[in-house]
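final-v9.cif, holding mmCIF, C-alpha atoms and all ligand atoms:
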```
data_target
#
loop_
_atom_site.label_atom_id
_atom_site.label_comp_id
_atom_site.auth_asym_id
_atom_site.auth_seq_id
_atom_site.Cartn_x
_atom_site.Cartn_y
_atom_site.Cartn_z
CA MET A 3 49.60 -7.45 209.69
CA ALA A 4 51.41 -4.23 209.06
CA LYS A 5 54.61 -5.82 210.23
CA ARG A 6 54.70 -8.21 207.31
CA LYS A 7 56.97 -6.47 204.90
CA LYS A 8 57.49 -6.77 201.19
CA PRO A 9 54.28 -8.30 199.93
CA GLY A 10 54.50 -9.92 196.53
CA LYS A 11 53.24 -8.27 193.37
CA GLY A 12 49.82 -9.88 193.52
CA LYS A 13 47.09 -8.22 191.51
CA SER A 14 43.98 -6.47 192.78
CA GLY A 15 44.78 -6.53 196.42
CA SER A 16 46.15 -10.01 196.79
CA ARG A 17 49.22 -10.29 198.93
CA LYS A 18 51.76 -13.02 198.66
CA LEU A 19 53.38 -14.55 201.68
CA ARG A 20 56.19 -17.01 201.90
CA VAL A 21 55.37 -19.94 204.11
CA GLU A 22 56.90 -23.26 204.83
CA PHE A 23 55.33 -26.24 203.14
CA LYS A 24 55.42 -29.45 205.06
CA THR A 25 53.66 -32.71 205.60
CA ASN A 26 52.29 -33.84 208.92
CA ARG A 27 55.25 -36.13 209.30
CA SER A 28 57.79 -33.36 209.28
CA ALA A 29 59.12 -31.85 212.47
CA ARG A 30 57.28 -28.82 213.75
CA ARG A 31 59.86 -26.15 214.35
CA ARG A 32 58.72 -22.64 213.81
CA LYS A 33 60.89 -21.02 216.44
CA THR A 34 62.80 -18.78 214.09
CA ASP A 35 60.64 -18.61 211.04
CA PHE A 36 58.85 -15.58 209.69
CA THR A 37 55.79 -16.31 211.68
CA HIS A 38 57.23 -14.43 214.62
CA LEU A 39 56.52 -11.29 212.67
CA ALA A 40 52.86 -12.12 212.91
CA ASP A 41 50.25 -10.10 214.66
CA LYS A 42 50.73 -9.84 218.37
CA LEU A 43 47.08 -10.78 218.70
CA ASP A 44 47.70 -14.34 217.71
CA ASP A 45 50.31 -14.94 220.34
CA ALA A 46 48.24 -13.33 222.99
CA GLU A 47 48.09 -16.37 225.21
CA ALA A 48 51.80 -16.14 225.76
CA ASP A 49 53.61 -13.22 227.24
CA VAL A 50 56.26 -13.84 224.67
CA PRO A 51 59.21 -11.49 224.65
CA THR A 52 59.14 -9.37 221.52
CA GLU A 53 62.79 -9.94 220.68
CA GLU A 54 61.88 -13.53 219.81
CA ARG A 55 59.88 -12.18 216.89
CA LEU A 56 62.98 -11.41 214.88
CA LEU A 57 63.31 -13.04 211.52
CA ALA A 58 66.29 -15.29 211.10
CA LYS A 59 68.31 -14.40 208.03
CA GLY A 60 67.78 -16.63 205.07
CA GLU A 61 64.57 -18.10 206.43
CA LEU A 62 62.40 -16.72 203.65
CA SER A 63 64.22 -18.54 200.93
CA ARG A 64 62.99 -21.88 202.18
CA LYS A 65 59.35 -20.86 202.08
CA ARG A 66 56.76 -21.12 199.40
CA THR A 67 54.38 -18.41 198.38
CA VAL A 68 50.75 -18.36 199.33
CA ILE A 69 48.23 -15.66 198.72
CA VAL A 70 46.87 -14.41 201.96
CA ASP A 71 43.93 -12.31 200.99
CA ASP A 72 40.64 -12.91 199.33
CA SER A 73 41.30 -12.29 195.74
CA ASP A 74 39.82 -13.47 192.51
CA THR A 75 43.16 -13.29 190.80
CA ILE A 76 43.78 -16.85 191.85
CA ALA A 77 41.98 -19.52 189.97
CA ARG A 78 39.78 -21.95 191.85
CA GLN A 79 40.88 -25.43 191.08
CA THR A 80 37.91 -27.10 192.64
CA ASP A 81 34.85 -26.31 194.70
CA ASP A 82 35.37 -29.38 196.82
CA THR A 83 35.71 -28.50 200.43
CA ARG A 84 37.87 -30.66 202.60
CA ILE A 85 37.78 -31.05 206.33
CA GLY A 86 40.79 -30.77 208.57
CA ARG A 87 41.99 -29.91 212.03
CA VAL A 88 43.87 -26.69 212.82
CA VAL A 89 47.23 -27.68 214.28
CA THR A 90 48.77 -24.26 214.73
CA ILE A 91 48.15 -20.63 213.88
CA TYR A 92 50.59 -17.95 212.93
CA GLY A 93 49.49 -14.52 211.99
CA ARG A 94 46.47 -14.88 209.77
CA THR A 95 47.56 -18.21 208.47
CA ALA A 96 46.75 -21.58 209.99
CA ASP A 97 48.21 -25.04 209.43
CA VAL A 98 45.39 -27.48 208.75
CA ASP A 99 45.89 -31.25 208.88
CA ASP A 100 43.54 -33.21 206.63
CA GLY A 101 44.96 -36.53 207.81
CA GLU A 102 47.56 -36.77 205.07
CA THR A 103 49.04 -33.34 204.63
CA VAL A 104 49.38 -30.21 206.70
CA TRP A 105 48.21 -27.35 204.52
CA PRO A 106 49.11 -23.74 205.20
CA CYS A 107 45.77 -22.00 204.91
CA SER A 108 44.71 -18.42 204.83
CA ILE A 109 41.46 -17.50 206.51
CA ARG A 110 38.60 -16.23 204.40
CA ARG A 111 38.14 -12.56 205.15
CA VAL A 112 34.47 -12.98 205.88
CA LEU A 113 35.36 -15.28 208.77
CA ARG A 114 37.79 -12.76 210.16
CA THR A 115 35.44 -9.82 210.05
CA ARG A 116 32.60 -11.84 211.54
CA SER A 117 34.51 -12.38 214.75
CA ILE A 118 33.71 -9.39 216.88
CA ASP A 119 33.43 -10.84 220.37
CA ASN A 120 36.11 -13.44 219.97
CA ARG A 121 39.41 -12.11 218.77
CA ASN A 122 40.30 -15.20 216.80
CA PRO A 123 37.80 -16.74 214.41
CA VAL A 124 39.93 -19.84 214.05
CA ALA A 125 41.62 -21.58 216.97
CA VAL A 126 43.98 -24.51 217.37
CA GLY A 127 41.87 -27.67 217.58
CA ASP A 128 39.14 -26.29 215.33
CA LEU A 129 37.64 -28.55 212.71
CA VAL A 130 37.48 -26.45 209.57
CA ARG A 131 36.27 -26.72 206.02
CA PHE A 132 38.82 -25.53 203.53
CA THR A 133 39.42 -25.42 199.81
CA ILE A 134 42.62 -25.86 197.88
CA GLU A 135 43.47 -23.24 195.33
CA THR A 136 46.24 -22.98 192.80
CA ASP A 137 47.93 -20.08 191.12
CA ARG A 138 47.67 -19.41 187.38
CA GLU A 139 50.37 -21.93 186.59
CA GLY A 140 48.44 -24.47 188.60
CA VAL A 141 51.47 -25.17 190.69
CA GLU A 142 51.44 -23.74 194.14
CA ALA A 143 48.59 -25.15 196.12
CA GLU A 144 47.30 -23.32 199.13
CA GLY A 145 44.33 -23.73 201.38
CA VAL A 146 41.66 -21.25 202.30
CA ILE A 147 39.57 -21.82 205.41
CA GLU A 148 35.93 -21.29 204.48
CA ALA A 149 34.07 -22.33 207.63
CA VAL A 150 34.63 -23.43 211.20
CA GLU A 151 32.59 -26.32 212.59
CA PRO A 152 30.77 -25.82 215.90
CA ARG A 153 33.11 -26.17 218.87
CA HIS A 154 32.93 -28.08 222.11
CA GLY A 155 35.35 -27.90 225.02
CA GLU A 156 36.82 -24.47 224.56
CA LEU A 157 39.58 -22.98 226.71
CA LYS A 158 39.11 -19.24 226.68
CA ARG A 159 40.67 -16.29 228.38
CA VAL A 160 40.41 -12.56 228.03
CA VAL A 161 43.15 -10.63 226.31
CA GLY A 162 42.78 -6.90 226.01
CA ARG A 163 39.07 -6.97 226.84
CA LYS A 164 38.32 -9.49 224.13
CA GLU A 165 37.67 -13.16 224.56
CA HIS A 166 40.42 -15.30 223.14
CA THR A 167 40.05 -19.00 222.42
CA VAL A 168 43.32 -20.65 223.34
CA VAL A 169 42.19 -24.04 222.09
CA ALA A 170 38.95 -25.60 220.88
CA ASN A 171 37.55 -29.14 220.93
CA VAL A 172 39.34 -30.60 223.90
CA ASP A 173 37.94 -32.74 226.74
CA LEU A 174 40.72 -32.49 229.29
CA VAL A 175 42.74 -29.59 230.61
CA VAL A 176 45.95 -30.89 232.15
CA ILE A 177 46.89 -28.07 234.50
CA VAL A 178 50.62 -28.41 235.05
CA SER A 179 52.45 -26.88 238.00
CA ALA A 180 56.03 -27.43 239.09
CA ALA A 181 56.85 -28.55 242.62
CA SER A 182 59.66 -25.96 242.45
CA GLU A 183 61.19 -23.58 239.92
CA PRO A 184 58.75 -22.03 239.39
CA GLU A 185 56.88 -22.37 242.69
CA PRO A 186 53.29 -23.58 242.37
CA LYS A 187 50.75 -20.81 242.03
CA PRO A 188 47.44 -22.06 243.48
CA SER A 189 45.54 -19.00 242.26
CA LEU A 190 46.53 -19.80 238.66
CA VAL A 191 45.62 -23.47 239.07
CA ASP A 192 42.22 -22.48 240.45
CA ARG A 193 41.66 -20.10 237.54
CA TYR A 194 42.37 -22.90 235.10
CA ILE A 195 39.93 -25.12 236.97
CA VAL A 196 37.22 -22.46 236.67
CA SER A 197 38.03 -22.02 233.02
CA ALA A 198 37.94 -25.77 232.36
CA LEU A 199 34.57 -26.18 234.07
CA TYR A 200 33.19 -23.08 232.37
CA GLY A 201 34.29 -24.48 229.00
CA ASP A 202 32.86 -27.97 229.67
CA MET A 203 36.19 -29.66 230.11
CA GLN A 204 37.58 -31.91 232.83
CA PRO A 205 40.47 -30.44 234.80
CA ILE A 206 43.42 -32.66 235.72
CA ILE A 207 45.85 -31.33 238.30
CA CYS A 208 49.41 -32.34 237.53
CA LEU A 209 52.38 -31.54 239.76
CA ASN A 210 55.62 -32.00 237.83
CA LYS A 211 59.28 -31.87 238.94
CA ILE A 212 58.47 -34.00 241.97
CA ASP A 213 62.11 -35.08 241.88
CA THR A 214 62.98 -31.68 243.34
CA VAL A 215 60.95 -31.79 246.58
CA MET A 216 59.98 -34.04 249.48
CA LYS A 217 57.05 -36.42 249.11
CA HIS A 218 54.99 -34.72 251.79
CA GLU A 219 55.14 -31.44 249.86
CA VAL A 220 53.75 -33.17 246.78
CA ARG A 221 50.95 -34.67 248.86
CA ALA A 222 50.11 -31.38 250.56
CA PHE A 223 49.61 -29.67 247.20
CA LEU A 224 47.72 -32.43 245.41
CA ASN A 225 45.51 -33.43 248.35
CA ILE A 226 43.64 -30.15 248.17
CA TYR A 227 42.45 -31.05 244.68
CA ARG A 228 42.13 -34.79 245.24
CA LYS A 229 39.70 -34.10 248.09
CA LEU A 230 37.55 -32.09 245.68
CA GLY A 231 37.27 -35.14 243.47
CA TYR A 232 39.60 -33.94 240.71
CA THR A 233 42.07 -36.30 239.13
CA THR A 234 45.57 -35.50 240.37
CA LEU A 235 48.91 -36.64 239.15
CA ALA A 236 52.50 -36.41 240.42
CA THR A 237 55.09 -36.52 237.67
CA SER A 238 58.72 -36.02 236.84
CA ALA A 239 59.77 -35.64 233.23
CA GLU A 240 63.28 -36.04 234.62
CA SER A 241 62.91 -39.37 236.46
CA GLY A 242 59.95 -40.72 234.49
CA ALA A 243 57.71 -40.92 237.56
CA GLY A 244 54.01 -40.73 236.71
CA ILE A 245 54.58 -40.65 232.94
CA ASP A 246 52.79 -43.96 232.23
CA GLU A 247 49.86 -42.72 234.27
CA LEU A 248 49.82 -39.44 232.37
CA ARG A 249 49.95 -41.23 229.02
CA ASN A 250 47.02 -43.42 230.08
CA LEU A 251 45.00 -40.40 231.12
CA ILE A 252 45.35 -38.61 227.78
CA LYS A 253 45.29 -41.73 225.60
CA GLY A 254 42.49 -41.56 223.04
CA LYS A 255 41.36 -38.17 224.36
CA GLU A 256 41.65 -34.60 223.22
CA SER A 257 43.57 -32.60 225.78
CA VAL A 258 45.49 -29.41 226.36
CA PHE A 259 48.52 -28.84 228.59
CA ALA A 260 48.41 -25.48 230.32
CA GLY A 261 50.27 -23.68 233.08
CA GLN A 262 53.10 -21.28 233.85
CA SER A 263 56.20 -21.11 231.71
CA GLY A 264 58.94 -23.50 232.78
CA VAL A 265 56.75 -26.00 234.66
CA GLY A 266 57.64 -28.70 232.13
CA LYS A 267 54.62 -29.01 229.83
CA SER A 268 56.72 -29.69 226.73
CA SER A 269 59.13 -31.89 228.70
CA LEU A 270 56.21 -34.03 229.88
CA LEU A 271 54.95 -34.44 226.33
CA ASN A 272 58.40 -35.44 225.16
CA ALA A 273 58.41 -38.05 227.92
CA VAL A 274 54.92 -39.28 227.03
CA GLN A 275 55.87 -39.63 223.38
CA PRO A 276 59.61 -40.03 222.92
CA ASN A 277 61.07 -38.56 219.71
CA LEU A 278 58.50 -35.80 219.67
CA GLY A 279 61.36 -33.36 219.93
CA LEU A 280 59.45 -30.44 221.39
CA GLU A 281 61.74 -27.65 222.37
CA VAL A 282 62.21 -27.37 226.12
CA GLY A 283 63.59 -24.59 228.28
CA ARG A 284 67.23 -24.08 229.00
CA LEU A 285 68.77 -25.27 232.24
CA ALA A 286 67.14 -24.01 235.38
CA ALA A 287 70.03 -21.71 236.23
CA GLU A 288 69.47 -19.73 233.03
CA SER A 289 65.73 -19.85 232.93
CA ARG A 290 64.73 -18.54 236.34
CA LYS A 291 63.13 -15.49 234.78
CA GLY A 292 60.79 -17.63 232.70
CA THR A 293 61.95 -18.17 229.18
CA HIS A 294 58.71 -18.89 227.32
CA THR A 295 60.19 -21.63 225.25
CA THR A 296 56.95 -22.65 223.56
CA THR A 297 55.68 -19.62 221.69
CA ARG A 298 52.45 -20.79 220.12
CA ALA A 299 49.85 -23.46 220.77
CA SER A 300 50.32 -26.53 218.62
CA LEU A 301 48.40 -29.74 218.26
CA ILE A 302 50.20 -33.05 218.49
CA LYS A 303 48.76 -36.38 217.40
CA LEU A 304 49.43 -39.09 219.95
CA ASP A 305 50.70 -42.51 218.92
CA VAL A 306 48.39 -43.99 221.58
CA GLY A 307 45.40 -42.22 220.00
CA GLY A 308 43.87 -38.82 220.48
CA TYR A 309 45.69 -35.53 220.41
CA VAL A 310 47.15 -33.04 222.81
CA VAL A 311 47.78 -29.31 222.47
CA ASP A 312 50.97 -27.92 223.97
CA THR A 313 50.55 -24.26 224.89
CA PRO A 314 52.91 -21.43 225.78
CA GLY A 315 53.21 -20.68 229.49
CA VAL A 316 51.22 -17.83 230.94
CA ARG A 317 51.91 -15.43 233.78
CA SER A 318 48.29 -14.66 234.45
CA PHE A 319 44.91 -15.74 233.24
CA ASP A 320 42.12 -13.19 232.93
CA LEU A 321 38.71 -14.75 233.42
CA SER A 322 36.54 -11.65 233.24
CA ASN A 323 34.49 -13.44 230.56
CA VAL A 324 33.01 -15.64 233.31
CA PRO A 325 29.94 -13.94 234.80
CA PHE A 326 30.47 -12.98 238.45
CA GLN A 327 27.32 -14.71 239.60
CA GLU A 328 28.65 -17.97 238.17
CA ILE A 329 32.09 -17.95 239.76
CA GLU A 330 30.95 -19.49 243.07
CA SER A 331 29.44 -22.43 241.22
CA TYR A 332 32.87 -23.42 239.88
CA PHE A 333 34.25 -23.75 243.42
CA ILE A 334 32.52 -27.06 243.99
CA GLU A 335 33.34 -27.30 247.69
CA PHE A 336 31.34 -24.09 248.28
CA LEU A 337 28.13 -25.57 246.95
CA ASP A 338 27.04 -27.42 250.11
CA HIS A 339 27.60 -24.31 252.19
CA ILE A 340 26.07 -21.59 250.01
CA PRO A 341 22.43 -22.41 250.93
CA HIS A 342 23.30 -21.73 254.59
CA CYS A 343 24.57 -18.17 254.05
CA LYS A 344 22.38 -15.57 255.80
CA PHE A 345 21.87 -13.52 252.65
CA PRO A 346 20.61 -15.22 249.51
CA ASP A 347 22.82 -12.98 247.37
CA CYS A 348 25.88 -13.49 249.59
CA THR A 349 29.14 -13.09 247.66
CA HIS A 350 31.08 -14.78 250.51
CA ARG A 351 33.48 -11.91 250.94
CA HIS A 352 32.39 -9.27 253.44
CA GLU A 353 28.93 -10.49 254.46
CA ILE A 354 28.12 -11.59 258.01
CA ASP A 355 26.97 -15.13 258.74
CA CYS A 356 28.51 -16.44 255.57
CA ALA A 357 28.56 -20.23 255.58
CA VAL A 358 31.46 -20.35 253.12
CA LYS A 359 33.66 -18.19 255.35
CA ASN A 360 32.65 -20.30 258.33
CA ALA A 361 33.67 -23.40 256.39
CA VAL A 362 37.11 -21.87 255.82
CA ASP A 363 37.39 -21.20 259.58
CA THR A 364 36.46 -24.78 260.45
CA GLY A 365 38.87 -26.23 257.90
CA GLN A 366 36.24 -27.60 255.52
CA VAL A 367 37.33 -25.28 252.71
CA ALA A 368 41.04 -24.88 251.95
CA PRO A 369 42.25 -21.31 252.61
CA THR A 370 44.13 -21.18 249.27
CA ARG A 371 40.92 -22.04 247.43
CA TYR A 372 39.00 -19.35 249.23
CA GLU A 373 41.77 -16.83 248.51
CA SER A 374 41.65 -17.77 244.83
CA TYR A 375 37.92 -17.18 244.82
CA VAL A 376 38.22 -13.75 246.43
CA ARG A 377 41.04 -12.76 244.08
CA LEU A 378 39.11 -13.91 241.05
CA PHE A 379 36.15 -11.96 242.21
CA THR A 380 37.96 -8.73 242.99
CA ASP A 381 40.76 -8.72 240.40
CA GLU A 382 38.41 -9.14 237.48
CA GLN A 383 35.68 -6.86 238.76
CA PHE A 384 37.24 -3.54 237.93
CA ARG A 385 38.72 -4.30 234.57
N1 LIG B 401 64.12 -31.35 237.71
C1 LIG B 401 63.19 -31.38 236.75
N2 LIG B 401 63.27 -30.49 235.74
C2 LIG B 401 62.33 -30.54 234.78
C3 LIG B 401 61.26 -31.47 234.83
N3 LIG B 401 60.46 -31.25 233.76
C4 LIG B 401 61.01 -30.23 233.07
N4 LIG B 401 62.14 -29.79 233.68
C5 LIG B 401 62.99 -28.68 233.23
O1 LIG B 401 62.25 -27.48 233.33
C6 LIG B 401 62.62 -26.59 232.29
C7 LIG B 401 61.38 -26.08 231.54
O2 LIG B 401 60.77 -27.16 230.86
P1 LIG B 401 59.79 -26.95 229.61
O3 LIG B 401 59.30 -28.31 229.25
O4 LIG B 401 60.43 -26.14 228.56
O5 LIG B 401 58.63 -26.10 230.30
P2 LIG B 401 57.28 -25.56 229.61
O6 LIG B 401 56.22 -25.66 230.64
O7 LIG B 401 57.04 -26.22 228.32
O8 LIG B 401 57.64 -24.01 229.40
P3 LIG B 401 57.06 -22.98 228.28
O9 LIG B 401 57.17 -23.63 226.94
O10 LIG B 401 57.94 -21.78 228.41
O11 LIG B 401 55.64 -22.69 228.67
C8 LIG B 401 63.60 -27.36 231.41
O12 LIG B 401 64.90 -26.96 231.76
C9 LIG B 401 63.36 -28.79 231.77
O13 LIG B 401 64.49 -29.60 231.59
C10 LIG B 401 61.22 -32.39 235.91
O14 LIG B 401 60.33 -33.25 236.06
N5 LIG B 401 62.21 -32.29 236.85
MG MG B 402 56.85 -25.54 226.40
ZN ZN B 403 28.34 -16.56 251.85
#
```
For the structure just supplied, provide its representation as C-alpha cells.
Ligand SMILES: Nc1nc2c(ncn2[C@@H]2O[C@H](COP(=O)(O)OP(=O)(O)OP(=O)(O)O)[C@@H](O)[C@H]2O)c(=O)[nH]1
Ligand SMILES: [Mg+2]
Ligand SMILES: [Zn+2]
Amino acid sequence: MAKRKKPGKGKSGSRKLRVEFKTNRSARRRKTDFTHLADKLDDAEADVPTEERLLAKGELSRKRTVIVDDSDTIARQTDDTRIGRVVTIYGRTADVDDGETVWPCSIRRVLRTRSIDNRNPVAVGDLVRFTIETDREGVEAEGVIEAVEPRHGELKRVVGRKEHTVVANVDLVVIVSAASEPEPKPSLVDRYIVSALYGDMQPIICLNKIDTVMKHEVRAFLNIYRKLGYTTLATSAESGAGIDELRNLIKGKESVFAGQSGVGKSSLLNAVQPNLGLEVGRLAAESRKGTHTTTRASLIKLDVGGYVVDTPGVRSFDLSNVPFQEIESYFIEFLDHIPHCKFPDCTHRHEIDCAVKNAVDTGQVAPTRYESYVRLFTDEQFR
C-alpha cells in the first residue's frame, strides 16, 4: 500500500483513507477513482495497463474517510456482527453488501496476515462477517471485515507463484469467447474448464459476436464442447441472439463471466439486464490491442434472481495450482481411454501405445483439446 499517499493524521498507527460512500442502488463506476492506486496484487487477475491507475484530479474530494488499519483509536459502536457479500475489492478495502447498503470495509489485519498460501484473504463473492465502527464524533461509519465464511465454488488461478481467488461462491463459470476480434483461444477455454471443474463449478461455453461469422464456424467451435456434454451457447450482444437463453441459464444462480478482454462479457451482461450500464470497450477499430475495459471483478445482483460476477479479461491463465496427476481427469473425454494405455502412469505425451493419443488419431478426441492438455502439462511444469 506504499502507493497510497498522504494518510490522515490518525493516532497510533491508524491511517485514514478517503473512499466513496454509496448504497447498493447507486451506479458502480470506479474507473477513475483512487482505487486504481491500490496494490497491484488485488488487480492481479487482469493484465491492466498501469497508466489506468492514475488518479483523476478532484476525485478525493467526493470521498469519505475511513480508517484502514486496526487501531483502537476508533470507538466500537457495537459488537454486533453483520453478514454481507463482498461485491468488489480495491486495495485492502472491500465493498460489502448487507442487502440494504454497500459498506466500504477494511479487512482486519489478522485476516490479512493469516493468508499465506492464498494471496487474497477476501475475494469477490465471499460471505463475510463485519462490524460497523464510528469515529469519535460518532459520525463516519465504516465496516471492518472480521471473518470470512467457508467458500464453495472457487475460481482460482496462480499469480506470481501464489494462488489467487478470482471469485468465491459461484456455481457456474460462463466461459466467454468471441467468434472474431479477438479470435477464439481454445487453450484458454480449456484452462477455464479445468479450473471450473477443479473448483467444483459447472462450465458453460459461450461463443459471442456470432453476428460477425458464418453459422458453420459457430457450430464447429461449439460442437467440440457440446459433444463433451457441456452446455454451450451462441450469443450476440449486438443482435440479441441467445440473450434470453443466457439469462435463463444464469437466472437464480451464482455465476462468473470469464474470458479474454474484448470478447463481450460486460456487453452480454448489459444485454441480459438492460440499464446495468457496465462500461464496455471502445469500437473494434480502436480496441484491437485489447483494452481491458473492466478493471476489477464486481458482483452484480440480477433482477431475475441470483448474482453474476463480471471479471476483467485475461491474456493467460496459470493453473499450476492444479496437481499434474489430476489434470487428465479434467479432460473428461480422456477417461474412457486412459485404462487402455500401456503404462499405468502414462502421461499421454511421449509414451508408446497410449490410448489417448490413439483416440486423437482416430478422431475420438479433438486435436485442440489434446493440444490444450499437452500445453497445460508442459507450460506449467517448469514454473
Ligand atoms: N459485433 C459484435 N460486437 C460486440 C458484441 N459484444 C460485444 N461487442 C463489442 O466488443 C467490444 C468489447 O466488449 P466488452 O463488453 O467491453 O468486452 P469485455 O469482455 O467485457 O472486455 P474486458 O472488460 O476488457 O475484459 C465492444 O466494442 C463491444 O461493443 C457482439 O455480440 N457483436
Ligand atoms: Mg468488461
Ligand atoms: Zn496414455
Could you check which of A:Ser331, A:Asn323, A:Thr370, A:Ser238 is closest to Lys164 in chain A, using all atoms listed in the file?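 Of A:Ser331, A:Asn323, A:Thr370, A:Ser238, the one nearest Lys164 in chain A is A:Asn323, counting all atoms listed in the file.
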Neighbourhood of ligand MG 402 (chain B) at 10 Å, counting all atoms listed in the file, reported as number ranges by chain: A: 259-271, 280-283, 293-299, 312-315
Kindly provide, as an NGL selection string, the polymer residues lying within 10 Å of (51.2, -40.4, 237.3), counting all atoms listed in the file and using the coordinates exactly as they appear in the file. :A and (208-210 or 234-238 or 242-251)
Near range 354-365 of chain A, within 10 Å and counting only C-alpha atoms, which residues show up once chain neighbours fewer than 6 positions away are dropped, as a PDB file with C-alpha atoms, in the frame of the given file?
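That gives us part-v3.pdb:
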```pdb
ATOM      1  CA  GLU A 335      33.340 -27.300 247.690  1.00  0.00           C
ATOM      2  CA  PHE A 336      31.340 -24.090 248.280  1.00  0.00           C
ATOM      3  CA  LEU A 337      28.130 -25.570 246.950  1.00  0.00           C
ATOM      4  CA  ASP A 338      27.040 -27.420 250.110  1.00  0.00           C
ATOM      5  CA  HIS A 339      27.600 -24.310 252.190  1.00  0.00           C
ATOM      6  CA  ILE A 340      26.070 -21.590 250.010  1.00  0.00           C
ATOM      7  CA  PRO A 341      22.430 -22.410 250.930  1.00  0.00           C
ATOM      8  CA  HIS A 342      23.300 -21.730 254.590  1.00  0.00           C
ATOM      9  CA  CYS A 343      24.570 -18.170 254.050  1.00  0.00           C
ATOM     10  CA  LYS A 344      22.380 -15.570 255.800  1.00  0.00           C
ATOM     11  CA  PHE A 345      21.870 -13.520 252.650  1.00  0.00           C
ATOM     12  CA  CYS A 348      25.880 -13.490 249.590  1.00  0.00           C
ATOM     13  CA  ARG A 371      40.920 -22.040 247.430  1.00  0.00           C
ATOM     14  CA  TYR A 372      39.000 -19.350 249.230  1.00  0.00           C
TER      15      TYR A 372
END
```
Quick one, how far is CA of Ile109 in chain A from CA of Gly155 in chain A?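 If I compute the distance from CA of Ile109 in chain A to CA of Gly155 in chain A, I get 22.1 Å.
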Can you tell me, as lines of an AutoDock Vina configuration file, the centre and edge lengths (Å, one decimal) of the axis-aligned box enclosing all of ligand LIG 401 (chain B)'s listed atoms after padding each side by 4 Å?
```
center_x = 60.3
center_y = -27.5
center_z = 232.3
size_x = 17.3
size_y = 19.5
size_z = 18.8
```
Between A:Arg87, A:Lys211, A:Arg221, A:His352, which residue has the minimum interatomic distance to ligand LIG 401 (chain B), considering all atoms listed in the file? A:Lys211
Can you tell me how far CA of Ile334 in chain A sits from CA of Leu230 in chain A, in Å to one decimal?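 Going from CA of Ile334 in chain A over to CA of Leu230 in chain A covers 7.3 Å.
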Write out as a Markdown table the residues of range 190-298 of chain A that have any atom within 10 Å of an atom of range 302-308 of chain A, one row each with the nearest atom pair and its distance in Å to one decimal, counting only C-alpha atoms, sorted by chain and then rising number.
```
| residue | atom | partner | partner_atom | distance |
| --- | --- | --- | --- | --- |
| A:Arg249 | CA | A:Val306 | CA | 8.1 |
| A:Asn250 | CA | A:Val306 | CA | 8.6 |
| A:Ile252 | CA | A:Gly308 | CA | 7.5 |
| A:Lys253 | CA | A:Val306 | CA | 5.6 |
| A:Gly254 | CA | A:Gly308 | CA | 4.0 |
| A:Lys255 | CA | A:Gly308 | CA | 4.7 |
| A:Glu256 | CA | A:Gly308 | CA | 5.5 |
| A:Ser257 | CA | A:Gly308 | CA | 8.2 |
| A:Val258 | CA | A:Ile302 | CA | 9.9 |
| A:Leu271 | CA | A:Ile302 | CA | 9.3 |
| A:Val274 | CA | A:Leu304 | CA | 9.0 |
| A:Gln275 | CA | A:Leu304 | CA | 7.3 |
| A:Leu278 | CA | A:Ile302 | CA | 8.8 |
```
Could those residues be written to a file, using C-alpha atoms, as an mmCIF file, keeping the file's coordinate frame?
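Output saved as result05.cif:
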```cif
data_model
loop_
_atom_site.group_PDB
_atom_site.id
_atom_site.type_symbol
_atom_site.label_atom_id
_atom_site.label_comp_id
_atom_site.auth_asym_id
_atom_site.auth_seq_id
_atom_site.Cartn_x
_atom_site.Cartn_y
_atom_site.Cartn_z
ATOM 1 C CA ARG A 249 49.950 -41.230 229.020
ATOM 2 C CA ASN A 250 47.020 -43.420 230.080
ATOM 3 C CA ILE A 252 45.350 -38.610 227.780
ATOM 4 C CA LYS A 253 45.290 -41.730 225.600
ATOM 5 C CA GLY A 254 42.490 -41.560 223.040
ATOM 6 C CA LYS A 255 41.360 -38.170 224.360
ATOM 7 C CA GLU A 256 41.650 -34.600 223.220
ATOM 8 C CA SER A 257 43.570 -32.600 225.780
ATOM 9 C CA VAL A 258 45.490 -29.410 226.360
ATOM 10 C CA LEU A 271 54.950 -34.440 226.330
ATOM 11 C CA VAL A 274 54.920 -39.280 227.030
ATOM 12 C CA GLN A 275 55.870 -39.630 223.380
ATOM 13 C CA LEU A 278 58.500 -35.800 219.670
#
```
Within 7 Å of Thr167 in chain A, counting only C-alpha atoms, which residues show up once you throw out same-chain ones fewer than 5 positions away? Write them as a VMD selection string, please. chain A and resid 122 125 156 to 159
Counting only C-alpha atoms and all ligand atoms, figure out which residue out of A:Arg317, A:Lys217, A:Lys187, A:His350 gets nearest to ligand ZN 403 (chain B).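 Between A:Arg317, A:Lys217, A:Lys187, A:His350, the residue approaching ligand ZN 403 (chain B) most closely is A:His350.
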Atomic separation - CA of Val310 in chain A relative to CA of Ser108 in chain A, Å: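 CA of Ser108 in chain A sits 23.3 Å away from CA of Val310 in chain A.
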Which of A:Glu373, A:Asp202, A:Glu240, A:Asp137 sits closest to Asn171 in chain A [using only C-alpha atoms]: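 Residue with the minimum atom-to-atom distance to Asn171 in chain A: A:Asp202.
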Ser182 in chain A surroundings by all atoms listed in the file, 9 Å radius, close-in-sequence under 2 positions cut, as a list in words: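 Final neighbour list, sorted by chain and number: Ser179, Ala180, Pro184, Glu185, Pro186, Asn210, Lys211, Ile212, Thr214, Val215 and Val265 of chain A.
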Calculated over all atoms listed in the file, which of the candidates A:Val168, A:Arg377, A:Arg84, A:Glu330 has the smallest distance to Leu199 in chain A?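 Among the listed residues, A:Glu330 lies closest to Leu199 in chain A.
You can rank A:Glu219, A:Glu139, A:Glu382, A:Glu353 by their closest distance to ligand ZN 403 (chain B) using only C-alpha atoms and all ligand atoms, and at the top of that list sits A:Glu353.
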